[in-house]
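First comes the structure, then the notes that go with it.
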Amino acid sequence: MKHKIVYYPHPKPWKWVLGLLLLLVLLGVTGWAVLFRVNRFTLSVQIAGEEQIQLEYGQEYREPGAQTRLSGTLFWKDGRVLEEVQPTVCGQVDTKTLGRYTLTYSADFRGFHGEARRTVCVVDTQSPVITLAEAPEGEWNPGEPYQDPGFAAVDNYDGDITDQVVCIETLGRITYAVLDSSGNPAYAEREIPVYDREPPEIGLEGGQDYAITTGSFYTEPGYWAEDDQDGDLTEQVLVEGEVDWLTPGTYPISYTVSDAFGNVTTVTRQVEVLAKPRPQTQWPEQKTIYLTFDDGPGPYTRELLDVLDSYGVKATFFVTDTGCDDIMEQIVERGHSIGIHTVTHNYEEIYSSPEAFFADLHKMQDIIYKNTGVRTTLMRFPGGSSNTVSCAACEGVMTILSEAVQNAGFQYFDWNVDSNDAGGARKAETVFRNVVDGVQQTGISLVLQHDIHDYSVEAVEDIIVWGLNNGYTFERLTENSPGFHHGINN
Ligand code: ZN
């Protein structure tokens, strides 16, 4: 049997393949399109490094860079870096100016846009630096105020800010402080090598409360001043204030001294000028004659003492420094009163000033004390308190003295009967007459005589006899006796 081979026309196989391929392509494109829609691509810019960068002033800014990244919701979820699309940076950082700078990074890719921002702050956190100059050695004398050797303050941003440094000097140290324009602080401290913390000390000899009696000269009782650094400062003490030793009262005297560092010390002494209480005057009840003799002792005084003794009469002697020391002693020994007259009896000298008068007064008091053991307070002014002879020496001196001597504890006696034995009466007879006449006009008589005149001494016996016969009592003066003060004429 013979086979007959019949060929059926077959569709050509490449057509199939082509068709199939076409179908696949169609399916693929559609699928891609669908996937692309569903995947929802986004373009983003991712910056490297921190979003906020703090940059110290002067530090260079290095751009850390950024990437463009494409991502989708289904695939490229983590994004795919588009190396070929470099983000562009907008903005600049000026590292020479403090401030806040924003950099914007943006990228575009096939209609997509991505963006990111970075903030760069240029700040100054660096404190200024204070430099202290070295103290030149040995040039500072510890006795002088401390001189700051100098300092400087420099800031990395503000530059020289020395003029803004605040210096505070407290005990023993100087503190320097400054802030730069960003508020960064700087401090420095310096020890003052020798600091005199202690003010000087003043000591007062005789104490802060010091008293003298009116009429005693005030002489500075003494003081000392010592400083822990400067040593003895006694020489530098300034003494201020005056004591009116003639007028009772309280007088402040201040003592001030400062050490080389300027510490000042002042102490005050209160000097009290005391007034002695004045004795009460006791007037005798009976007719009384006080015989008083000035300017002696002299060549007739012994004779006078004998006369007085023989009648048991006591009198009062206002003595001068005549050198008859033994007679002075006799006066007291025989029971008479002794009083101060003057050392020199030189009006011009003793009345030249209160100082001169008191110097004379005290000197005479000392002489009497030395010779008799009596520190008498009884006295008679040469010329009497009413004298005008002192006008030439010192105007007003009697006004001052008449008060001052009493505050000083002296009792001064004038007279109300003048024998005039220093004036016109040059005979015992005249002296007697003058005294008797005077006495007759007064109940209580304080008689002035001078035992340096023989005729005056000669008259005494007659005066005594007359007095006793006429019922008078002869008395010596005491501090309580009436003073018969005259009116003051100078
Ligand atoms: Zn006299």
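Ordering of the structure tokens sets the chain letters (A, B, ...); residue numbers start at 1 within each chain; ligands are numbered from 1 in the order shown.
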
With only C-alpha atoms and all ligand atoms counted and 9 Å as the cut-off, give the residues of chain A in contact with ligand 1, each with its shortest interatomic distance in Å and the pair that gives it, as a tab-separated table.
```
residue	atom	partner	partner_atom_place_in_ligand_line	distance
A:Phe293	CA	ligand 1	1 (Zn)	8.8
A:Asp294	CA	ligand 1	1 (Zn)	5.3
A:Asp295	CA	ligand 1	1 (Zn)	4.9
A:Gly296	CA	ligand 1	1 (Zn)	8.7
A:Phe318	CA	ligand 1	1 (Zn)	8.1
A:Val319	CA	ligand 1	1 (Zn)	8.5
A:Thr320	CA	ligand 1	1 (Zn)	8.2
A:His341	CA	ligand 1	1 (Zn)	6.7
A:Thr342	CA	ligand 1	1 (Zn)	7.8
A:His345	CA	ligand 1	1 (Zn)	6.6
A:Arg380	CA	ligand 1	1 (Zn)	8.1
A:Phe381	CA	ligand 1	1 (Zn)	7.6
A:Pro382	CA	ligand 1	1 (Zn)	4.6
A:Gly383	CA	ligand 1	1 (Zn)	5.9
A:Gly384	CA	ligand 1	1 (Zn)	8.0
A:Ala422	CA	ligand 1	1 (Zn)	8.8
A:His450	CA	ligand 1	1 (Zn)	7.5
```

How would the residues just picked look written out with N, CA and C atoms as an mmCIF file, in the first residue's frame?
```cif
data_model
loop_
_atom_site.group_PDB
_atom_site.id
_atom_site.type_symbol
_atom_site.label_atom_id
_atom_site.label_comp_id
_atom_site.auth_asym_id
_atom_site.auth_seq_id
_atom_site.Cartn_x
_atom_site.Cartn_y
_atom_site.Cartn_z
ATOM 1 N N PHE A 293 48.906 142.307 155.264
ATOM 2 C CA PHE A 293 50.188 142.918 154.903
ATOM 3 C C PHE A 293 50.685 142.318 153.586
ATOM 4 N N ASP A 294 50.920 143.201 152.636
ATOM 5 C CA ASP A 294 51.371 142.767 151.310
ATOM 6 C C ASP A 294 52.862 143.018 151.107
ATOM 7 N N ASP A 295 53.366 142.371 150.081
ATOM 8 C CA ASP A 295 54.693 142.609 149.495
ATOM 9 C C ASP A 295 55.862 142.108 150.326
ATOM 10 N N GLY A 296 55.610 141.593 151.557
ATOM 11 C CA GLY A 296 56.698 141.067 152.374
ATOM 12 C C GLY A 296 56.985 139.638 152.002
ATOM 13 N N PHE A 318 50.071 138.523 152.593
ATOM 14 C CA PHE A 318 50.088 138.161 151.168
ATOM 15 C C PHE A 318 51.509 138.387 150.679
ATOM 16 N N VAL A 319 52.222 137.312 150.536
ATOM 17 C CA VAL A 319 53.672 137.396 150.389
ATOM 18 C C VAL A 319 54.154 137.371 148.940
ATOM 19 N N THR A 320 55.347 137.873 148.800
ATOM 20 C CA THR A 320 56.060 137.806 147.520
ATOM 21 C C THR A 320 57.336 137.008 147.745
ATOM 22 N N HIS A 341 50.694 136.602 146.930
ATOM 23 C CA HIS A 341 50.582 137.911 146.291
ATOM 24 C C HIS A 341 51.146 137.787 144.876
ATOM 25 N N THR A 342 52.424 137.583 144.795
ATOM 26 C CA THR A 342 53.045 137.404 143.472
ATOM 27 C C THR A 342 54.506 137.058 143.663
ATOM 28 N N HIS A 345 55.848 140.678 141.283
ATOM 29 C CA HIS A 345 55.158 141.957 141.442
ATOM 30 C C HIS A 345 55.388 142.883 140.261
ATOM 31 N N ARG A 380 45.897 137.672 146.844
ATOM 32 C CA ARG A 380 45.544 139.057 146.559
ATOM 33 C C ARG A 380 46.220 139.461 145.263
ATOM 34 N N PHE A 381 45.408 140.025 144.351
ATOM 35 C CA PHE A 381 45.979 140.507 143.092
ATOM 36 C C PHE A 381 46.887 141.691 143.364
ATOM 37 N N PRO A 382 48.096 141.704 142.818
ATOM 38 C CA PRO A 382 48.905 142.924 142.899
ATOM 39 C C PRO A 382 48.111 144.102 142.330
ATOM 40 N N GLY A 383 47.978 145.156 143.123
ATOM 41 C CA GLY A 383 47.177 146.303 142.699
ATOM 42 C C GLY A 383 45.699 146.115 142.988
ATOM 43 N N GLY A 384 45.331 144.974 143.511
ATOM 44 C CA GLY A 384 43.915 144.691 143.770
ATOM 45 C C GLY A 384 43.188 144.323 142.485
ATOM 46 N N ALA A 422 51.229 152.810 150.722
ATOM 47 C CA ALA A 422 51.966 152.732 149.457
ATOM 48 C C ALA A 422 51.753 154.007 148.665
ATOM 49 N N HIS A 450 51.386 147.393 154.033
ATOM 50 C CA HIS A 450 52.547 146.735 153.438
ATOM 51 C C HIS A 450 53.638 146.655 154.481
#
```

Open item on the list: So that I can see what lies close to Cys90 in chain A, please list as an NGL selection string the residues with an atom at most 12 Å from it, counting only C-alpha atoms and leaving out residues fewer than 3 positions away in the same chain.
Closed with: :A and (63 or 87 or 93 or 101-107 or 115-119)

Dump of C-alpha atoms for the selected residues, as a PDB file, in the first residue's frame:
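Result file follows (result.pdb):
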```pdb
ATOM      1  CA  GLU A  63      28.455  70.859  53.501  1.00  0.00           C
ATOM      2  CA  PRO A  87      19.865  68.183  44.779  1.00  0.00           C
ATOM      3  CA  VAL A  93      26.333  80.183  55.681  1.00  0.00           C
ATOM      4  CA  TYR A 101      21.098  80.316  58.383  1.00  0.00           C
ATOM      5  CA  THR A 102      18.621  78.120  56.433  1.00  0.00           C
ATOM      6  CA  LEU A 103      19.784  75.943  53.523  1.00  0.00           C
ATOM      7  CA  THR A 104      17.183  74.557  51.121  1.00  0.00           C
ATOM      8  CA  TYR A 105      17.926  71.398  49.126  1.00  0.00           C
ATOM      9  CA  SER A 106      15.691  70.676  46.122  1.00  0.00           C
ATOM     10  CA  ALA A 107      15.599  68.099  43.305  1.00  0.00           C
ATOM     11  CA  GLU A 115      12.839  69.417  49.026  1.00  0.00           C
ATOM     12  CA  ALA A 116      14.557  69.508  52.441  1.00  0.00           C
ATOM     13  CA  ARG A 117      15.885  72.143  54.817  1.00  0.00           C
ATOM     14  CA  ARG A 118      18.816  72.443  57.118  1.00  0.00           C
ATOM     15  CA  THR A 119      19.449  75.109  59.800  1.00  0.00           C
TER      16      THR A 119
END
```

TODO: Output as number ranges by chain all residues of range 241-448 of chain A that backbone DSSP marks as strand (DSSP E or B).
DONE: A: 249-258, 264-274, 288-294, 316-320, 337-342, 378-379, 411-412, 417-418, 444-448

- [ ] Write out as number ranges by chain all residues of range 35-207 of chain A that DSSP puts in helix (DSSP H, G or I) for this structure's backbone.
- [x] A: 35-39, 162-164

Save the residues we just selected, N, CA and C atoms, as a PDB file, in the first residue's frame?
```pdb
ATOM      1  N   LEU A  35       0.658  49.010  37.755  1.00  0.00           N
ATOM      2  CA  LEU A  35       1.556  49.000  38.919  1.00  0.00           C
ATOM      3  C   LEU A  35       2.093  50.411  39.221  1.00  0.00           C
ATOM      4  N   PHE A  36       2.466  51.085  38.172  1.00  0.00           N
ATOM      5  CA  PHE A  36       3.020  52.434  38.318  1.00  0.00           C
ATOM      6  C   PHE A  36       2.040  53.361  39.023  1.00  0.00           C
ATOM      7  N   ARG A  37       0.766  53.188  38.627  1.00  0.00           N
ATOM      8  CA  ARG A  37      -0.260  54.022  39.267  1.00  0.00           C
ATOM      9  C   ARG A  37      -0.408  53.654  40.735  1.00  0.00           C
ATOM     10  N   VAL A  38      -0.455  52.340  40.917  1.00  0.00           N
ATOM     11  CA  VAL A  38      -0.710  51.877  42.291  1.00  0.00           C
ATOM     12  C   VAL A  38       0.492  52.194  43.200  1.00  0.00           C
ATOM     13  N   ASN A  39       1.692  52.138  42.665  1.00  0.00           N
ATOM     14  CA  ASN A  39       2.908  52.317  43.483  1.00  0.00           C
ATOM     15  C   ASN A  39       3.076  53.759  44.004  1.00  0.00           C
ATOM     16  N   THR A 162      39.057  95.076  76.809  1.00  0.00           N
ATOM     17  CA  THR A 162      39.697  95.470  78.075  1.00  0.00           C
ATOM     18  C   THR A 162      38.922  96.579  78.779  1.00  0.00           C
ATOM     19  N   ASP A 163      38.395  97.502  77.988  1.00  0.00           N
ATOM     20  CA  ASP A 163      37.704  98.645  78.612  1.00  0.00           C
ATOM     21  C   ASP A 163      36.360  98.243  79.229  1.00  0.00           C
ATOM     22  N   GLN A 164      35.944  97.018  79.012  1.00  0.00           N
ATOM     23  CA  GLN A 164      34.678  96.597  79.620  1.00  0.00           C
ATOM     24  C   GLN A 164      34.890  95.770  80.880  1.00  0.00           C
TER      25      GLN A 164
END
```

Task: Surrounding residues of Thr322 in chain A excluding itself and chain neighbours under 6 positions, 10 Å, only C-alpha atoms, as a ChimeraX atom specification - done: /A:295-298,328,343-344

Residues as selected, N, CA, C and O atoms, written as a PDB file, in the first residue's frame, can you do that?
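As written to disk, again.pdb reads:
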```
ATOM      1  N   ASP A 295      53.366 142.371 150.081  1.00  0.00           N
ATOM      2  CA  ASP A 295      54.693 142.609 149.495  1.00  0.00           C
ATOM      3  C   ASP A 295      55.862 142.108 150.326  1.00  0.00           C
ATOM      4  O   ASP A 295      57.005 142.185 149.890  1.00  0.00           O
ATOM      5  N   GLY A 296      55.610 141.593 151.557  1.00  0.00           N
ATOM      6  CA  GLY A 296      56.698 141.067 152.374  1.00  0.00           C
ATOM      7  C   GLY A 296      56.985 139.638 152.002  1.00  0.00           C
ATOM      8  O   GLY A 296      56.543 139.185 150.929  1.00  0.00           O
ATOM      9  N   PRO A 297      57.673 138.889 152.806  1.00  0.00           N
ATOM     10  CA  PRO A 297      58.276 139.386 154.048  1.00  0.00           C
ATOM     11  C   PRO A 297      59.453 140.320 153.767  1.00  0.00           C
ATOM     12  O   PRO A 297      60.115 140.192 152.742  1.00  0.00           O
ATOM     13  N   GLY A 298      59.673 141.241 154.724  1.00  0.00           N
ATOM     14  CA  GLY A 298      60.731 142.213 154.569  1.00  0.00           C
ATOM     15  C   GLY A 298      61.493 142.386 155.874  1.00  0.00           C
ATOM     16  O   GLY A 298      61.291 141.616 156.823  1.00  0.00           O
ATOM     17  N   MET A 328      58.762 133.518 156.257  1.00  0.00           N
ATOM     18  CA  MET A 328      57.532 132.931 155.749  1.00  0.00           C
ATOM     19  C   MET A 328      57.091 131.774 156.647  1.00  0.00           C
ATOM     20  O   MET A 328      55.937 131.618 156.985  1.00  0.00           O
ATOM     21  N   VAL A 343      55.099 136.476 142.662  1.00  0.00           N
ATOM     22  CA  VAL A 343      56.540 136.209 142.710  1.00  0.00           C
ATOM     23  C   VAL A 343      57.295 137.492 142.414  1.00  0.00           C
ATOM     24  O   VAL A 343      58.164 137.902 143.153  1.00  0.00           O
ATOM     25  N   THR A 344      56.932 138.137 141.337  1.00  0.00           N
ATOM     26  CA  THR A 344      57.749 139.252 140.832  1.00  0.00           C
ATOM     27  C   THR A 344      57.170 140.624 141.129  1.00  0.00           C
ATOM     28  O   THR A 344      57.884 141.611 141.155  1.00  0.00           O
TER      29      THR A 344
END
```

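Of the listed residues (A:Asn489, A:Ala48, A:Gln54, A:Ser353), A:Ala48 comes nearest to Gln67 in chain A; the distances count only C-alpha atoms.
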
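Nearest to Ile350 in chain A of all the residues A:Ile174, A:Val313, A:Cys394, A:Ala33 is A:Cys394, based on only C-alpha atoms.
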
Task: Spatial neighbours of range 477-487 of chain A, max dist 7 Å, only C-alpha atoms, sep filter under 2 positions, as a PyMOL selection string - done: chain A and resi 279-283+290+316+337+378+385-386+411-416+475+489

- [ ] Pick out the residues sitting within 10 Å of range 240-252 of chain A, and hand them over as a PyMOL selection string; count only C-alpha atoms, and ignore anything fewer than 6 positions along from it in its own chain.
- [x] chain A and resi 208-220+267-276+354-355+358+400-401+403-405+407-408

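Residue neighbourhood of Val264 in chain A, excluding near-sequence residues (fewer than 3 positions): Glu198, Pro199, Pro200, Glu201, Thr256, Val257, Ser258, Asp259, Ala260 and Phe261 of chain A, at 10 Å, using only C-alpha atoms.
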
Open item on the list: One decimal, in Å: what's the spacing between CA of Tyr176 in chain A and CA of Asp158 in chain A?
Closed with: 17.6 Å
